[in-house]
$ cat structure.tsv   # TSV, C-alpha atoms
chain	number	residue	atom	x	y	z
V	8	GLU	CA	17.22	-11.70	2.73
V	9	SER	CA	14.82	-9.61	4.80
V	10	ASP	CA	15.46	-6.22	3.17
V	11	PRO	CA	12.76	-5.78	0.49
V	12	GLY	CA	14.70	-3.06	-1.29
V	13	CYS	CA	12.81	-0.24	-2.93
V	14	THR	CA	9.05	-0.81	-2.78
V	15	ASN	CA	5.99	1.14	-3.86
V	16	LEU	CA	8.01	3.67	-5.87
V	17	HIS	CA	6.23	6.00	-8.30
V	18	LEU	CA	8.25	8.21	-10.65
V	19	ALA	CA	6.42	10.54	-13.02
V	20	ASP	CA	7.44	13.28	-15.46
V	21	VAL	CA	11.19	13.02	-14.77
V	22	GLN	CA	14.03	13.48	-17.28
V	23	ALA	CA	17.57	12.16	-16.87
V	24	ILE	CA	19.77	13.69	-19.56
V	25	ASP	CA	23.53	13.21	-20.12
V	26	ASN	CA	24.20	12.02	-16.57
V	27	GLY	CA	27.91	11.43	-16.23
V	28	THR	CA	31.01	10.87	-18.30
V	29	GLN	CA	32.30	7.52	-16.98
V	30	GLY	CA	33.04	4.54	-19.23
V	31	ASP	CA	30.33	2.37	-20.79
V	32	THR	CA	29.28	0.90	-17.43
V	33	GLY	CA	28.75	4.27	-15.78
V	34	THR	CA	25.77	5.62	-13.92
V	35	ASP	CA	22.31	4.52	-15.06
V	36	ALA	CA	19.66	7.19	-15.56
V	37	PHE	CA	16.93	5.28	-13.63
V	38	ALA	CA	17.71	2.09	-11.69
V	39	VAL	CA	16.41	-0.08	-8.87
V	40	GLU	CA	18.69	-2.91	-7.78
V	41	ARG	CA	16.10	-4.75	-5.66
V	42	GLY	CA	12.46	-4.13	-4.88
V	43	SER	CA	8.88	-4.42	-6.07
V	44	ASP	CA	5.77	-2.52	-7.08
V	45	ILE	CA	7.46	0.18	-9.16
V	46	LEU	CA	5.63	2.54	-11.54
V	47	VAL	CA	7.61	4.81	-13.86
V	48	GLU	CA	5.54	6.96	-16.21
V	49	ARG	CA	6.19	9.76	-18.68
V	50	CYS	CA	9.94	9.69	-18.02
V	51	THR	CA	12.84	10.17	-20.44
V	52	ALA	CA	16.39	8.84	-20.26
V	53	SER	CA	18.91	10.10	-22.81
V	54	GLY	CA	22.67	10.28	-23.11
V	55	GLY	CA	25.06	9.18	-20.41
V	56	PRO	CA	27.29	6.13	-20.10
V	57	GLY	CA	24.96	3.73	-18.24
V	58	ASP	CA	21.58	2.19	-18.99
V	59	GLY	CA	18.52	4.39	-19.43
V	60	PHE	CA	16.07	2.32	-17.36
V	61	ASP	CA	17.57	-0.63	-15.41
V	62	PHE	CA	15.11	-2.30	-13.02
V	63	LYS	CA	15.90	-5.50	-11.08
V	64	SER	CA	12.55	-5.24	-9.30
V	65	ASP	CA	9.36	-7.31	-9.43
V	66	ARG	CA	6.03	-5.90	-10.58
V	67	THR	CA	7.70	-3.00	-12.38
V	68	THR	CA	5.70	-1.01	-14.92
V	69	LEU	CA	7.28	1.44	-17.34
V	70	LEU	CA	4.52	3.47	-18.99
V	71	ASN	CA	4.96	6.14	-21.68
V	72	VAL	CA	8.76	6.20	-21.39
V	73	ILE	CA	11.40	7.26	-23.92
V	74	ALA	CA	15.02	6.12	-23.85
V	75	HIS	CA	17.77	6.87	-26.35
V	76	ASP	CA	21.53	7.19	-26.68
V	77	THR	CA	22.35	5.24	-23.50
V	78	ARG	CA	24.22	1.97	-22.99
V	79	ASN	CA	21.14	-0.30	-22.94
V	80	ASN	CA	18.09	1.90	-23.20
V	81	ILE	CA	15.68	-0.32	-21.27
V	82	LYS	CA	16.76	-3.32	-19.18
V	83	LEU	CA	14.28	-5.29	-17.08
V	84	TRP	CA	15.06	-8.20	-14.74
V	85	GLY	CA	12.03	-8.96	-12.57
V	86	ALA	CA	8.83	-10.95	-12.36
V	87	GLU	CA	5.66	-9.40	-13.80
V	88	ALA	CA	7.48	-6.53	-15.53
V	89	VAL	CA	5.36	-4.50	-17.95
V	90	LEU	CA	6.50	-2.09	-20.67
V	91	VAL	CA	3.70	-0.10	-22.33
V	92	ASN	CA	3.77	2.77	-24.86
V	93	ALA	CA	7.55	3.07	-24.96
V	94	LEU	CA	10.09	4.31	-27.49
V	95	ALA	CA	13.75	3.23	-27.39
V	96	TYR	CA	16.37	3.97	-30.04
V	97	ASP	CA	20.11	4.34	-30.71
V	98	ALA	CA	21.47	2.30	-27.79
V	99	HIS	CA	25.27	2.10	-27.67
V	100	ALA	CA	25.90	-1.39	-26.21
V	101	ASP	CA	24.00	-4.69	-26.01
V	102	ALA	CA	20.47	-3.69	-27.07
V	103	ASN	CA	17.74	-1.08	-26.98
V	104	LEU	CA	15.63	-3.49	-24.92
V	105	VAL	CA	17.06	-6.23	-22.70
V	106	LEU	CA	14.79	-8.66	-20.84
V	107	ALA	CA	16.87	-10.77	-18.47
V	108	ALA	CA	16.22	-14.49	-18.12
V	109	GLY	CA	14.29	-15.49	-15.02
V	110	GLY	CA	11.82	-12.59	-15.19
V	111	SER	CA	8.37	-12.47	-16.76
V	112	TYR	CA	7.48	-9.74	-19.24
V	113	THR	CA	4.56	-8.12	-21.03
V	114	ILE	CA	5.48	-5.69	-23.82
V	115	VAL	CA	2.67	-3.66	-25.47
V	116	ASN	CA	2.69	-0.76	-27.98
V	117	VAL	CA	6.47	-0.41	-28.04
V	118	THR	CA	8.72	0.93	-30.79
V	119	ILE	CA	12.36	-0.16	-30.73
V	120	ALA	CA	14.54	1.32	-33.47
V	121	ASN	CA	18.16	1.47	-34.58
V	122	MET	CA	21.32	0.47	-32.79
V	123	ALA	CA	24.29	2.78	-32.68
V	124	GLY	CA	26.51	-0.32	-32.46
V	125	THR	CA	26.42	-3.76	-34.04
V	126	ALA	CA	24.63	-5.63	-31.25
V	127	TYR	CA	21.08	-6.99	-31.28
V	128	LEU	CA	18.18	-4.56	-31.33
V	129	VAL	CA	16.30	-6.55	-28.63
V	130	VAL	CA	17.57	-9.33	-26.34
V	131	VAL	CA	14.85	-11.51	-24.79
V	132	GLY	CA	15.98	-13.94	-22.09
V	133	ASP	CA	19.42	-12.36	-21.65
V	134	THR	CA	21.79	-14.96	-20.20
V	135	SER	CA	23.26	-12.62	-17.57
V	136	ALA	CA	20.53	-14.23	-15.42
V	137	ASN	CA	18.72	-17.57	-15.73
V	138	GLY	CA	15.42	-19.32	-15.18
V	139	PRO	CA	12.15	-19.76	-17.07
V	140	THR	CA	11.24	-16.51	-18.87
V	141	PRO	CA	7.65	-16.14	-20.08
V	142	VAL	CA	7.27	-13.28	-22.57
V	143	SER	CA	4.29	-11.64	-24.24
V	144	ILE	CA	4.85	-9.02	-26.98
V	145	HIS	CA	1.89	-7.28	-28.61
V	146	ASN	CA	1.40	-4.47	-31.13
V	147	SER	CA	5.08	-3.52	-31.25
V	148	ILE	CA	7.54	-2.39	-33.91
V	149	PHE	CA	11.19	-3.47	-34.16
V	150	PHE	CA	13.21	-1.67	-36.85
V	151	ASN	CA	16.92	-1.26	-37.60
V	152	ASP	CA	18.45	0.31	-40.68
V	153	ASN	CA	22.06	-0.05	-39.50
V	154	PRO	CA	23.74	-2.28	-42.14
V	155	ALA	CA	26.40	-3.36	-39.62
V	156	ASN	CA	23.65	-5.15	-37.66
V	157	GLU	CA	23.38	-7.72	-40.47
V	158	GLY	CA	19.62	-8.19	-40.16
V	159	THR	CA	19.21	-9.62	-36.65
V	160	LEU	CA	16.58	-7.69	-34.77
V	161	VAL	CA	15.45	-9.86	-31.84
V	162	TRP	CA	17.47	-12.57	-30.07
V	163	PHE	CA	15.67	-15.13	-27.89
V	164	GLY	CA	17.67	-16.90	-25.19
V	165	PRO	CA	17.34	-20.57	-24.23
V	166	ASP	CA	15.24	-19.83	-21.10
V	167	VAL	CA	12.36	-18.13	-22.97
V	168	VAL	CA	9.09	-20.07	-22.44
V	169	ASN	CA	5.42	-19.44	-23.26
V	170	LEU	CA	6.34	-16.88	-25.91
V	171	SER	CA	3.37	-14.99	-27.30
V	172	ILE	CA	3.87	-12.45	-30.11
V	173	ASP	CA	1.26	-10.74	-32.25
V	174	HIS	CA	0.99	-7.60	-34.33
$ encode --input "structure.tsv" --output "structure tokens"
Amino acid sequence: ESDPGCTNLHLADVQAIDNGTQGDTGTDAFAVERGSDILVERCTASGGPGDGFDFKSDRTTLLNVIAHDTRNNIKLWGAEAVLVNALAYDAHADANLVLAAGGSYTIVNVTIANMAGTAYLVVVGDTSANGPTPVSIHNSIFFNDNPANEGTLVWFGPDVVNLSIDH
């Protein structure tokens, strides 16, 4: 495929709030279906039927973002994806944070809290894709006080490799 998709995109200080009324697979607040070298900083996604941040791009960095009350608040799919200083809470579907299998991820200074539904709080190595999935998670908080969740906070898929977690 010769079309590189969306490349060298920089989004800063943008809010997407209550965008649409479709069913639970409706319009995402921020999304790139294919591309690379994406920087999203100081952006907020809230409300709406789709995902808050949904990036199928390589070398994507989400910095100082907030996502809440969307389908999946933050969903990353690509190689060398970085999530730093983020807050995600009260997702309505699969998870507050979804890291698809086949990508590579660095997560730093992130707070993920509460699910509106009964799904996992965080899904690492989501099986909607496949391939080796190296993951590094540092200085992050995962919290859920929804009793319907039954205690499971983070789910790791079979493709997760080289997992590094501290603090």
$ atom_distance --input "structure.tsv" --atom1 "CA of Arg66 in chain V" --atom2 "CA of Ile45 in chain V"
6.4 Å
$ atom_distance --input "structure.tsv" --atom1 "CA of Asn121 in chain V" --atom2 "CA of His99 in chain V"
9.9 Å
$ atom_distance --input "structure.tsv" --atom1 "CA of Leu90 in chain V" --atom2 "CA of Gly138 in chain V"
20.2 Å
$ closest_residue --input "structure.tsv" --among "V:Tyr112, V:Thr34, V:Val72, V:Pro141" --to "Glu48 in chain V" --atoms "all atoms listed in the file"
V:Val72
$ closest_residue --input "structure.tsv" --among "V:Phe150, V:Phe60, V:Phe163, V:Tyr127" --to "His75 in chain V" --atoms "only C-alpha atoms"
V:Phe60
$ closest_residue --input "structure.tsv" --among "V:Val131, V:Ala88, V:Val39, V:Val167" --to "Thr14 in chain V" --atoms "only C-alpha atoms"
V:Val39
$ residues_around --input "structure.tsv" --residues "Val129 in chain V" --least-positions-apart "6" --cutoff "8 Å" --atoms "all atoms listed in the file" --output "ChimeraX atom specification"
/V:102-105,119,160-162
$ write_last_selection --input "structure.tsv" --atoms "C-alpha atoms" --output "mmCIF file, in the frame of the given file"
data_model
loop_
_atom_site.group_PDB
_atom_site.id
_atom_site.type_symbol
_atom_site.label_atom_id
_atom_site.label_comp_id
_atom_site.auth_asym_id
_atom_site.auth_seq_id
_atom_site.Cartn_x
_atom_site.Cartn_y
_atom_site.Cartn_z
ATOM 1 C CA ALA V 102 20.470 -3.690 -27.070
ATOM 2 C CA ASN V 103 17.740 -1.080 -26.980
ATOM 3 C CA LEU V 104 15.630 -3.490 -24.920
ATOM 4 C CA VAL V 105 17.060 -6.230 -22.700
ATOM 5 C CA ILE V 119 12.360 -0.160 -30.730
ATOM 6 C CA LEU V 160 16.580 -7.690 -34.770
ATOM 7 C CA VAL V 161 15.450 -9.860 -31.840
ATOM 8 C CA TRP V 162 17.470 -12.570 -30.070
#
$ residues_around --input "structure.tsv" --residues "Gln22 in chain V" --least-positions-apart "2" --cutoff "7 Å" --atoms "all atoms listed in the file" --output "JSON, numbers by chain"
{"V": [20, 24, 50, 51, 52]}
$ closest_residue --input "structure.tsv" --among "V:Asp97, V:Asp166, V:Asp10, V:Glu87" --to "Ser143 in chain V" --atoms "all atoms listed in the file"
V:Glu87
$ residues_around --input "structure.tsv" --residues "Gly54 in chain V" --least-positions-apart "5" --cutoff "12 Å" --atoms "all atoms listed in the file" --output "list in words"
Gln22, Ala23, Ile24, Asp25, Asn26, Gly27, Thr28, Gln29, Asp31, Gly33, Thr34, Asp35, Ala36, Gly59, Phe60, Ile73, Ala74, His75, Asp76, Thr77, Arg78, Asn79, Asn80, Tyr96, Asp97, Ala98 and His99 of chain V
$ residues_near_point --input "structure.tsv" --point "(14.0, -4.5, -17.6)" --cutoff "6 Å" --atoms "only C-alpha atoms" --output "short mmCIF file (atom, residue, chain, number, x, y, z; two decimals) with C-alpha atoms, keeping the file's coordinate frame"
data_model
loop_
_atom_site.label_atom_id
_atom_site.label_comp_id
_atom_site.auth_asym_id
_atom_site.auth_seq_id
_atom_site.Cartn_x
_atom_site.Cartn_y
_atom_site.Cartn_z
CA ASP V 61 17.57 -0.63 -15.41
CA PHE V 62 15.11 -2.30 -13.02
CA ILE V 81 15.68 -0.32 -21.27
CA LYS V 82 16.76 -3.32 -19.18
CA LEU V 83 14.28 -5.29 -17.08
CA TRP V 84 15.06 -8.20 -14.74
CA LEU V 106 14.79 -8.66 -20.84
#
$ closest_residue --input "structure.tsv" --among "V:Gly85, V:Asn71, V:Val117, V:Asp173" --to "Arg41 in chain V" --atoms "all atoms listed in the file"
V:Gly85
$ closest_residue --input "structure.tsv" --among "V:Thr134, V:Asn92, V:Asn153, V:Asn146" --to "Ser171 in chain V" --atoms "all atoms listed in the file"
V:Asn146
$ axis_aligned_box --input "structure.tsv" --around "range 122-138 of chain V" --padding-each-side "6 Å" --output "JSON"
{"center_x": 20.7, "center_y": -8.3, "center_z": -24.6, "size_x": 23.7, "size_y": 34.1, "size_z": 30.9}
$ residues_around --input "structure.tsv" --residues "Ala126 in chain V" --least-positions-apart "4" --cutoff "8 Å" --atoms "all atoms listed in the file" --output "list in words"
Ala100, Asp101, Ala102, Met122 and Asn156 of chain V
